[in-house]
$ cat protein09.txt   # compact mmCIF, C-alpha atoms
# COMPACT_ATOMS: atom_id res chain seq x y z
CA MET A 1 -1.88 -11.81 -50.74
CA CYS A 2 -2.33 -10.33 -54.17
CA CYS A 3 0.09 -7.78 -55.59
CA ARG A 4 -2.49 -5.00 -55.27
CA GLN A 5 -1.71 -4.80 -51.55
CA CYS A 6 1.69 -3.31 -52.40
CA PHE A 7 0.09 0.11 -51.95
CA LEU A 8 0.01 -0.64 -48.23
CA THR A 9 3.31 -0.31 -46.42
CA GLU A 10 4.91 -3.41 -44.94
CA GLU A 11 4.28 -2.11 -41.43
CA GLU A 12 0.62 -1.57 -42.21
CA ARG A 13 0.15 -5.06 -43.65
CA ILE A 14 1.74 -6.52 -40.53
CA SER A 15 -0.47 -4.36 -38.29
CA PHE A 16 -3.66 -5.56 -39.98
CA ALA A 17 -2.48 -9.16 -39.86
CA GLU A 18 -1.75 -8.90 -36.15
CA VAL A 19 -5.06 -7.18 -35.42
CA ASP A 20 -7.01 -9.77 -37.37
CA HIS A 21 -5.22 -12.55 -35.50
CA LYS A 22 -5.94 -11.04 -32.08
CA LYS A 23 -9.52 -10.13 -33.04
CA SER A 24 -9.08 -6.90 -31.10
CA LEU A 25 -10.94 -4.88 -33.73
CA LYS A 26 -13.66 -7.47 -34.37
CA TYR A 27 -13.43 -7.28 -38.16
CA ALA A 28 -16.51 -8.62 -39.89
CA ARG A 29 -14.85 -8.38 -43.28
CA THR A 30 -11.73 -6.90 -44.82
CA GLU A 31 -11.47 -6.93 -48.59
CA PHE A 32 -9.74 -5.28 -51.55
CA THR A 33 -11.25 -4.26 -54.86
CA ASP A 34 -10.46 -6.47 -57.82
CA ASP A 35 -9.97 -3.93 -60.58
CA LYS A 36 -6.56 -4.65 -62.13
CA HIS A 37 -7.01 -2.03 -64.85
CA ALA A 38 -7.39 0.75 -62.27
CA GLU A 39 -4.46 -0.43 -60.19
CA GLU A 40 -1.71 1.69 -61.70
CA THR A 41 -3.67 4.93 -61.91
CA ASP A 42 -6.34 4.77 -59.23
CA GLY A 43 -4.84 2.71 -56.41
CA ILE A 44 -6.96 0.28 -54.40
CA THR A 45 -9.94 0.34 -52.09
CA LEU A 46 -9.94 -1.34 -48.68
CA ARG A 47 -13.33 -2.01 -47.08
CA ILE A 48 -13.65 -2.87 -43.41
CA GLN A 49 -16.65 -3.63 -41.19
CA ILE A 50 -16.23 -3.24 -37.46
CA SER A 51 -18.45 -3.32 -34.41
CA VAL A 52 -18.09 -0.13 -32.36
CA LYS A 53 -19.65 0.91 -29.06
CA GLY A 54 -22.05 3.85 -29.35
CA LEU A 55 -24.20 5.71 -26.82
CA LEU A 56 -25.08 3.56 -23.80
CA ASP A 57 -22.58 1.01 -25.14
CA SER A 58 -24.94 -0.11 -27.91
CA ASP A 59 -23.22 -2.01 -30.74
CA ILE A 60 -22.96 -0.06 -34.00
CA LEU A 61 -21.92 -1.79 -37.22
CA LEU A 62 -19.65 0.66 -38.99
CA LYS A 63 -18.62 0.19 -42.64
CA LEU A 64 -15.40 1.99 -43.54
CA SER A 65 -14.11 2.36 -47.09
CA PHE A 66 -10.56 3.62 -47.67
CA HIS A 67 -9.53 4.36 -51.25
CA LEU A 68 -5.73 4.46 -51.34
CA PRO A 69 -4.13 6.39 -54.22
CA VAL A 70 -0.89 5.16 -55.75
CA SER A 71 0.98 7.83 -53.81
CA TYR A 72 -0.35 6.59 -50.44
CA PRO A 73 0.77 7.13 -47.68
CA SER A 74 2.23 10.39 -49.00
CA SER A 75 -1.33 11.29 -50.04
CA LEU A 76 -4.45 11.04 -47.91
CA PRO A 77 -6.91 8.18 -48.47
CA ASN A 78 -10.42 8.93 -49.64
CA ILE A 79 -12.73 7.84 -46.81
CA SER A 80 -16.37 6.79 -46.93
CA ILE A 81 -18.53 5.97 -43.89
CA HIS A 82 -21.80 4.05 -43.77
CA SER A 83 -23.93 2.70 -40.94
CA GLU A 84 -27.65 1.95 -40.77
CA GLN A 85 -27.58 2.93 -37.10
CA LEU A 86 -26.21 6.44 -37.68
CA THR A 87 -27.75 9.46 -39.37
CA ARG A 88 -26.23 11.06 -42.46
CA VAL A 89 -25.06 13.97 -40.35
CA GLN A 90 -23.32 11.61 -37.95
CA CYS A 91 -21.63 9.67 -40.79
CA LYS A 92 -20.44 12.97 -42.25
CA ASP A 93 -19.03 14.06 -38.89
CA VAL A 94 -17.24 10.73 -38.45
CA LYS A 95 -15.69 11.09 -41.92
CA GLU A 96 -14.53 14.64 -41.23
CA ARG A 97 -12.96 13.65 -37.92
CA LEU A 98 -11.18 10.69 -39.54
CA LEU A 99 -9.77 12.95 -42.25
CA GLU A 100 -8.49 15.29 -39.55
CA GLN A 101 -6.72 12.36 -37.93
CA ALA A 102 -5.36 11.19 -41.29
CA LYS A 103 -3.68 14.57 -41.85
CA ARG A 104 -1.77 14.05 -38.61
CA HIS A 105 -0.28 10.81 -39.95
CA LEU A 106 0.51 11.91 -43.50
CA SER A 107 3.50 10.03 -45.01
CA GLU A 108 3.24 7.24 -42.44
CA PRO A 109 1.07 4.09 -42.11
CA MET A 110 -2.31 5.30 -40.88
CA LEU A 111 -5.20 2.87 -41.61
CA HIS A 112 -4.64 0.76 -38.54
CA LYS A 113 -4.36 3.91 -36.41
CA LEU A 114 -7.52 5.40 -37.91
CA VAL A 115 -9.58 2.28 -37.22
CA LEU A 116 -8.33 2.13 -33.64
CA TRP A 117 -9.05 5.84 -33.21
CA ILE A 118 -12.65 5.62 -34.41
CA GLN A 119 -13.34 2.71 -32.06
CA GLN A 120 -12.15 4.78 -29.15
CA ASN A 121 -13.89 8.03 -30.14
CA LEU A 122 -17.13 7.16 -31.98
CA LYS A 123 -19.32 7.58 -28.90
CA HIS A 124 -18.00 11.10 -28.33
CA ILE A 125 -18.37 12.08 -32.00
CA ILE A 126 -22.00 11.03 -32.40
CA GLY A 127 -22.96 12.52 -29.05
CA LYS A 128 -21.40 15.86 -29.96
CA SER A 129 -22.93 15.69 -33.43
CA GLU A 130 -26.47 15.44 -32.07
CA THR A 131 -26.09 18.17 -29.46
CA SER A 132 -24.35 20.72 -31.72
CA ASN A 133 -25.56 19.95 -35.26
CA GLY A 134 -28.77 17.95 -35.00
CA SER A 135 -31.57 20.45 -35.53
CA GLU A 136 -34.29 17.86 -34.90
CA THR A 137 -32.75 16.85 -31.60
CA SER A 138 -32.20 20.44 -30.55
CA THR A 139 -35.93 21.03 -31.14
CA LEU A 140 -36.67 18.28 -28.62
CA SER A 141 -34.12 19.34 -26.05
CA ARG A 142 -34.24 23.12 -26.40
CA CYS A 143 -36.51 23.42 -23.36
CA ILE A 144 -34.17 21.55 -21.00
CA SER A 145 -32.70 24.00 -18.54
CA THR A 146 -29.02 24.14 -17.69
CA GLU A 147 -29.90 23.76 -14.01
CA ASP A 148 -29.12 20.48 -12.29
CA GLY A 149 -31.53 18.51 -10.13
CA LEU A 150 -34.58 16.30 -10.67
CA TRP A 151 -36.66 17.14 -13.74
CA ILE A 152 -39.90 15.86 -15.18
CA VAL A 153 -40.64 15.73 -18.91
CA LEU A 154 -43.85 14.79 -20.70
CA LEU A 155 -43.46 13.41 -24.25
CA HIS A 156 -46.11 12.60 -26.81
CA LEU A 157 -45.70 9.84 -29.43
CA ASP A 158 -47.88 9.81 -32.51
CA HIS A 159 -47.92 6.02 -32.91
CA MET A 160 -46.07 2.73 -32.43
CA ARG A 161 -46.10 0.12 -35.16
CA ALA A 162 -43.66 -2.36 -33.60
CA LYS A 163 -45.09 -1.89 -30.09
CA ALA A 164 -43.41 -4.80 -28.29
CA LYS A 165 -39.92 -3.90 -29.55
CA TYR A 166 -40.49 -0.20 -28.98
CA VAL A 167 -41.62 -0.72 -25.37
CA LYS A 168 -38.67 -3.01 -24.63
CA THR A 169 -36.26 -0.39 -25.99
CA VAL A 170 -37.78 2.42 -23.91
CA GLU A 171 -37.58 0.25 -20.80
CA LYS A 172 -33.90 -0.45 -21.44
CA TRP A 173 -33.05 3.21 -21.99
CA THR A 174 -34.83 4.37 -18.85
CA SER A 175 -33.14 1.62 -16.83
CA ASP A 176 -29.67 2.45 -18.18
CA LEU A 177 -30.17 6.17 -17.56
CA ARG A 178 -31.83 5.65 -14.17
CA LEU A 179 -35.00 7.44 -15.22
CA THR A 180 -38.35 6.75 -13.61
CA GLY A 181 -41.90 7.46 -14.71
CA ARG A 182 -44.55 5.97 -16.98
CA LEU A 183 -45.14 4.88 -20.55
CA MET A 184 -48.89 5.40 -20.86
CA PHE A 185 -51.37 4.11 -23.43
CA MET A 186 -54.96 5.34 -23.60
CA GLY A 187 -56.66 4.58 -26.89
CA LYS A 188 -54.49 6.21 -29.55
CA VAL A 189 -52.81 8.51 -27.05
CA ILE A 190 -49.23 7.52 -26.16
CA LEU A 191 -47.38 9.48 -23.48
CA ILE A 192 -43.98 9.08 -21.85
CA LEU A 193 -43.53 10.72 -18.45
CA LEU A 194 -39.91 10.82 -17.31
CA GLN A 195 -38.29 11.88 -14.05
CA GLY A 196 -34.54 12.10 -13.53
CA GLU A 197 -31.41 14.17 -13.80
CA ARG A 198 -31.43 16.80 -16.53
CA SER A 199 -28.40 15.27 -18.25
CA SER A 200 -30.00 11.82 -18.31
CA ILE A 201 -33.22 13.17 -19.81
CA LYS A 202 -31.23 15.01 -22.47
CA GLU A 203 -29.38 11.81 -23.37
CA TYR A 204 -32.69 9.94 -23.55
CA LEU A 205 -34.00 12.49 -26.07
CA ILE A 206 -30.90 12.00 -28.21
CA LEU A 207 -31.42 8.23 -28.21
CA GLN A 208 -35.11 8.63 -28.97
CA LYS A 209 -34.35 10.59 -32.14
CA THR A 210 -31.23 8.81 -33.41
CA CYS A 211 -31.94 5.10 -32.85
CA LYS A 212 -34.22 2.97 -35.00
CA VAL A 213 -36.97 2.14 -32.50
CA ASP A 214 -39.94 1.50 -34.79
CA VAL A 215 -40.83 0.39 -38.32
CA ASP A 216 -42.39 2.36 -41.16
CA SER A 217 -45.47 1.42 -43.18
CA SER A 218 -43.39 -1.01 -45.27
CA GLY A 219 -42.00 -2.77 -42.19
CA LYS A 220 -38.51 -1.25 -42.49
CA LYS A 221 -36.74 -0.11 -39.31
CA CYS A 222 -36.94 3.64 -38.82
CA ARG A 223 -36.15 6.41 -36.38
CA GLU A 224 -38.79 8.24 -34.36
CA LYS A 225 -39.89 11.35 -36.24
CA MET A 226 -43.27 11.96 -34.61
CA ILE A 227 -42.39 12.84 -31.03
CA SER A 228 -42.89 16.13 -29.23
CA VAL A 229 -41.96 17.54 -25.85
CA LEU A 230 -45.21 18.75 -24.27
CA SER A 231 -43.67 20.02 -21.07
CA GLU A 232 -40.50 20.07 -19.00
CA THR A 233 -40.17 21.45 -15.51
CA LYS A 234 -38.12 20.93 -12.42
CA VAL A 235 -39.84 18.54 -10.01
CA GLN A 236 -41.67 20.46 -7.29
CA THR A 237 -41.81 19.45 -3.63
CA GLU A 238 -45.52 18.54 -3.83
CA GLN A 239 -44.99 16.21 -6.77
CA LYS A 240 -44.53 12.48 -6.33
CA ARG A 241 -41.14 10.86 -6.98
CA PHE A 242 -41.72 7.76 -9.07
CA GLN A 243 -39.91 4.73 -7.65
CA GLY A 244 -39.47 3.03 -11.02
CA PHE A 245 -40.50 3.03 -14.66
CA GLU A 246 -43.78 1.29 -15.56
CA VAL A 247 -45.73 0.60 -18.73
CA LYS A 248 -49.46 1.08 -18.14
CA GLU A 249 -52.64 1.03 -20.23
CA TYR A 250 -55.81 2.95 -19.38
CA SER A 251 -59.26 2.25 -20.72
CA THR A 252 -60.70 5.71 -20.00
CA LEU A 253 -59.54 9.30 -19.75
CA ASP A 254 -60.61 9.33 -16.09
CA GLU A 255 -58.16 6.52 -15.29
CA LEU A 256 -55.36 8.40 -16.97
CA GLN A 257 -56.29 11.59 -15.13
CA LYS A 258 -56.16 9.81 -11.76
CA GLU A 259 -52.60 8.67 -12.57
CA PHE A 260 -51.54 12.27 -13.03
CA GLU A 261 -53.43 13.44 -9.95
CA ALA A 262 -51.80 10.77 -7.78
CA ALA A 263 -48.40 12.10 -8.86
CA GLY A 264 -49.35 15.70 -8.09
CA LEU A 265 -49.48 16.55 -11.79
CA THR A 266 -53.10 17.68 -12.15
CA GLU A 267 -52.18 20.94 -13.89
CA LEU A 268 -49.89 19.13 -16.30
CA PHE A 269 -52.73 16.80 -17.27
CA SER A 270 -55.28 19.59 -17.70
CA GLU A 271 -52.97 21.72 -19.83
CA PHE A 272 -51.83 19.10 -22.32
CA VAL A 273 -53.67 15.78 -22.31
CA PRO A 274 -57.30 16.67 -23.17
CA ALA A 275 -56.09 18.65 -26.19
CA LEU A 276 -54.58 15.45 -27.63
CA LEU A 277 -58.08 13.93 -27.96
CA LYS A 278 -59.49 16.74 -30.10
$ encode --input "protein09.txt" --output "structure tokens"
Amino acid sequence: MCCRQCFLTEEERISFAEVDHKKSLKYARTEFTDDKHAEETDGITLRIQISVKGLLDSDILLKLSFHLPVSYPSSLPNISIHSEQLTRVQCKDVKERLLEQAKRHLSEPMLHKLVLWIQQNLKHIIGKSETSNGSETSTLSRCISTEDGLWIVLLHLDHMRAKAKYVKTVEKWTSDLRLTGRLMFMGKVILILLQGERSSIKEYLILQKTCKVDVDSSGKKCREKMISVLSETKVQTEQKRFQGFEVKEYSTLDELQKEFEAAGLTELFSEFVPALLK
């Protein structure tokens, strides 16, 4: 070890060594800055990459940067958060929550504790972030009633560039959340019809807006920004309960209309679908 690690307490160095040996935190990389001139006045920077479980237990690569001042641990570290799988709002919320935790451990070794804490609480933080602070997500989910029971939601997608990957992702989400319904393609029209518990549909909408499910015009992974909720209602007794989730393509509008009619959703079709073709 180089002398720059003297800013870490002995207990903290041992903790990181033990964790790295046990692989319990799944470190991808732990490194220190190599600026000897800044050592005496600025402290050091510790960068860590870890794999953390997010919503639906998806793996999120989280990059943590802790700048430790010379007075650490009597002073708080400066924390930076980055992840390609999280939004800026989510990264900001994670940082703020970590700083709150750091204040609770002031004057004692805290980095090991902070890393463990974020692994245990990331899923809760990003979920709460999207439901309370995410204006785009709240636009999607604002119609969902607080009532329990079986609900049906009709979504409209503007396009899919990476169709195969996109479809596979939607199928996984609906399976994990126990949602049934249809992903329907008719020409340029793309519809997602979902049936399930209100809470599961709400979680699906969060995933739809926060995960990178498609690619942009340059081929770079991107989140879905062109989705709208056309309708949401509680399933009525005369409406069909879908037994599973299927991906289907229709060559004509009549074929698509018959799908809706068979499910007892004639009014839903008439109110929203024809307008999409204008």
$ residues_near_point --input "protein09.txt" --point "(-2.3, 4.1, -43.4)" --cutoff "9 Å" --atoms "only C-alpha atoms" --output "PyMOL selection string"
chain A and resi 8-9+12+68+72-73+76-77+102+105-114
$ closest_residue --input "protein09.txt" --among "A:Leu98, A:Cys222, A:Leu177, A:Leu277" --to "Gln120 of chain A" --atoms "all atoms listed in the file"
A:Leu98
$ closest_residue --input "protein09.txt" --among "A:Ser228, A:Leu150, A:Phe245, A:Ser218" --to "Ile201 of chain A" --atoms "only C-alpha atoms"
A:Leu150
$ residues_around --input "protein09.txt" --residues "Lys53 of chain A" --least-positions-apart "6" --cutoff "9 Å" --atoms "only C-alpha atoms" --output "PDB file with C-alpha atoms, in the coordinates of the input"
ATOM      1  CA  ASP A  59     -23.220  -2.010 -30.740  1.00  0.00           C
ATOM      2  CA  ILE A  60     -22.960  -0.060 -34.000  1.00  0.00           C
ATOM      3  CA  LEU A  61     -21.920  -1.790 -37.220  1.00  0.00           C
ATOM      4  CA  GLN A 119     -13.340   2.710 -32.060  1.00  0.00           C
ATOM      5  CA  GLN A 120     -12.150   4.780 -29.150  1.00  0.00           C
ATOM      6  CA  LEU A 122     -17.130   7.160 -31.980  1.00  0.00           C
ATOM      7  CA  LYS A 123     -19.320   7.580 -28.900  1.00  0.00           C
TER       8      LYS A 123
END
$ atom_distance --input "protein09.txt" --atom1 "atom CA of Gly219 of chain A" --atom2 "atom CA of Lys165 of chain A"
12.9 Å
$ closest_residue --input "protein09.txt" --among "A:Lys103, A:Met186, A:Ser217, A:Gly196" --to "Asp254 of chain A" --atoms "all atoms listed in the file"
A:Met186
$ atom_distance --input "protein09.txt" --atom1 "atom CA of Ile192 of chain A" --atom2 "atom CA of Asp176 of chain A"
16.2 Å
$ closest_atom_pairs --input "protein09.txt" --of "segment 211-259 of chain A" --to "segment 269-274 of chain A" --cutoff "10 Å" --atoms "all atoms listed in the file" --output "Markdown table"
| residue | atom | partner | partner_atom | distance |
| --- | --- | --- | --- | --- |
| A:Leu230 | CA | A:Phe272 | CA | 6.9 |
| A:Ser231 | CA | A:Phe272 | CA | 8.3 |
| A:Leu253 | CA | A:Pro274 | CA | 8.4 |
| A:Leu256 | CA | A:Phe269 | CA | 8.8 |
| A:Gln257 | CA | A:Phe269 | CA | 6.7 |
| A:Lys258 | CA | A:Phe269 | CA | 9.5 |
| A:Glu259 | CA | A:Phe269 | CA | 9.4 |
$ closest_residue --input "protein09.txt" --among "A:Ser251, A:Glu224, A:Gln239, A:Asp158" --to "Leu276 of chain A" --atoms "only C-alpha atoms"
A:Asp158
$ atom_distance --input "protein09.txt" --atom1 "atom CA of Lys220 of chain A" --atom2 "atom CA of Glu249 of chain A"
26.5 Å
$ closest_residue --input "protein09.txt" --among "A:Cys91, A:Leu64, A:Ile44, A:Val167" --to "Lys248 of chain A" --atoms "all atoms listed in the file"
A:Val167
$ decode --input "protein09.txt" --residues "segment 54-84 of chain A" --atoms "N, CA, C and O atoms" --output "CSV table (one decimal), in the first residue's frame"
chain,number,residue,atom,x,y,z
A,54,GLY,N,-31.2,-3.6,-8.2
A,54,GLY,CA,-32.2,-2.5,-8.3
A,54,GLY,C,-33.6,-3.1,-8.4
A,54,GLY,O,-33.8,-4.1,-7.8
A,55,LEU,N,-34.5,-2.3,-9.0
A,55,LEU,CA,-35.9,-2.8,-9.1
A,55,LEU,C,-35.9,-4.1,-9.8
A,55,LEU,O,-35.2,-4.3,-10.8
A,56,LEU,N,-36.8,-5.0,-9.4
A,56,LEU,CA,-36.9,-6.4,-9.9
A,56,LEU,C,-35.6,-7.1,-9.9
A,56,LEU,O,-35.3,-8.0,-10.7
A,57,ASP,N,-34.7,-6.8,-9.0
A,57,ASP,CA,-33.4,-7.4,-8.8
A,57,ASP,C,-32.5,-7.3,-10.0
A,57,ASP,O,-31.7,-8.2,-10.3
A,58,SER,N,-32.7,-6.3,-10.8
A,58,SER,CA,-31.8,-6.1,-12.0
A,58,SER,C,-30.4,-5.6,-11.4
A,58,SER,O,-30.4,-4.8,-10.4
A,59,ASP,N,-29.4,-5.9,-12.1
A,59,ASP,CA,-28.0,-5.5,-11.7
A,59,ASP,C,-27.7,-4.1,-12.1
A,59,ASP,O,-27.8,-3.8,-13.3
A,60,ILE,N,-27.3,-3.3,-11.2
A,60,ILE,CA,-27.0,-1.9,-11.5
A,60,ILE,C,-25.5,-1.7,-11.2
A,60,ILE,O,-25.1,-1.9,-10.0
A,61,LEU,N,-24.7,-1.2,-12.1
A,61,LEU,CA,-23.3,-0.9,-11.9
A,61,LEU,C,-23.2,0.5,-11.3
A,61,LEU,O,-23.6,1.5,-12.0
A,62,LEU,N,-22.8,0.6,-10.1
A,62,LEU,CA,-22.8,1.9,-9.4
A,62,LEU,C,-21.3,2.3,-9.2
A,62,LEU,O,-20.5,1.5,-8.7
A,63,LYS,N,-21.0,3.5,-9.6
A,63,LYS,CA,-19.6,4.1,-9.4
A,63,LYS,C,-19.6,5.1,-8.3
A,63,LYS,O,-20.3,6.1,-8.5
A,64,LEU,N,-18.9,4.8,-7.3
A,64,LEU,CA,-18.9,5.7,-6.1
A,64,LEU,C,-17.5,6.4,-6.0
A,64,LEU,O,-16.5,5.7,-6.2
A,65,SER,N,-17.5,7.6,-5.8
A,65,SER,CA,-16.2,8.4,-5.6
A,65,SER,C,-16.2,9.1,-4.3
A,65,SER,O,-17.1,9.9,-4.0
A,66,PHE,N,-15.3,8.7,-3.4
A,66,PHE,CA,-15.2,9.4,-2.1
A,66,PHE,C,-13.9,10.2,-2.0
A,66,PHE,O,-12.8,9.6,-2.1
A,67,HIS,N,-14.0,11.5,-1.9
A,67,HIS,CA,-12.9,12.3,-1.7
A,67,HIS,C,-12.7,12.6,-0.2
A,67,HIS,O,-13.6,13.1,0.4
A,68,LEU,N,-11.6,12.1,0.3
A,68,LEU,CA,-11.3,12.2,1.8
A,68,LEU,C,-10.4,13.3,2.1
A,68,LEU,O,-9.2,13.3,1.7
A,69,PRO,N,-10.9,14.3,2.8
A,69,PRO,CA,-10.0,15.4,3.2
A,69,PRO,C,-9.0,15.0,4.3
A,69,PRO,O,-9.1,13.9,4.8
A,70,VAL,N,-8.0,15.8,4.5
A,70,VAL,CA,-6.9,15.4,5.4
A,70,VAL,C,-7.5,15.1,6.8
A,70,VAL,O,-7.0,14.3,7.6
A,71,SER,N,-8.5,15.8,7.2
A,71,SER,CA,-9.2,15.7,8.5
A,71,SER,C,-10.1,14.6,8.6
A,71,SER,O,-10.7,14.4,9.7
A,72,TYR,N,-10.3,13.8,7.5
A,72,TYR,CA,-11.2,12.6,7.6
A,72,TYR,C,-10.6,11.6,8.7
A,72,TYR,O,-9.4,11.4,8.7
A,73,PRO,N,-11.4,11.0,9.5
A,73,PRO,CA,-12.9,10.9,9.5
A,73,PRO,C,-13.6,12.0,10.3
A,73,PRO,O,-14.8,11.9,10.5
A,74,SER,N,-12.8,13.0,10.8
A,74,SER,CA,-13.5,14.0,11.6
A,74,SER,C,-14.3,14.9,10.7
A,74,SER,O,-15.2,15.7,11.1
A,75,SER,N,-14.0,14.9,9.4
A,75,SER,CA,-14.8,15.7,8.4
A,75,SER,C,-15.4,14.7,7.4
A,75,SER,O,-14.9,13.6,7.2
A,76,LEU,N,-16.5,15.1,6.9
A,76,LEU,CA,-17.3,14.3,5.9
A,76,LEU,C,-16.6,14.1,4.6
A,76,LEU,O,-15.9,15.1,4.1
A,77,PRO,N,-16.6,13.0,4.0
A,77,PRO,CA,-16.1,12.8,2.6
A,77,PRO,C,-17.0,13.6,1.6
A,77,PRO,O,-18.2,13.7,1.8
A,78,ASN,N,-16.4,14.0,0.5
A,78,ASN,CA,-17.2,14.5,-0.6
A,78,ASN,C,-17.5,13.3,-1.5
A,78,ASN,O,-16.7,12.6,-2.0
A,79,ILE,N,-18.8,13.1,-1.8
A,79,ILE,CA,-19.3,11.9,-2.5
A,79,ILE,C,-19.8,12.2,-3.8
A,79,ILE,O,-20.6,13.2,-4.0
A,80,SER,N,-19.4,11.4,-4.8
A,80,SER,CA,-20.0,11.5,-6.2
A,80,SER,C,-20.6,10.2,-6.6
A,80,SER,O,-20.0,9.1,-6.2
A,81,ILE,N,-21.7,10.2,-7.3
A,81,ILE,CA,-22.4,9.0,-7.7
A,81,ILE,C,-22.6,9.0,-9.2
A,81,ILE,O,-23.0,10.0,-9.8
A,82,HIS,N,-22.3,7.9,-9.9
A,82,HIS,CA,-22.5,7.8,-11.3
A,82,HIS,C,-23.0,6.4,-11.7
A,82,HIS,O,-22.5,5.4,-11.2
A,83,SER,N,-24.0,6.3,-12.5
A,83,SER,CA,-24.4,5.1,-13.1
A,83,SER,C,-25.2,5.3,-14.4
A,83,SER,O,-26.1,6.2,-14.4
A,84,GLU,N,-24.8,4.6,-15.4
A,84,GLU,CA,-25.5,4.7,-16.7
A,84,GLU,C,-27.0,4.2,-16.6
A,84,GLU,O,-27.8,4.5,-17.5
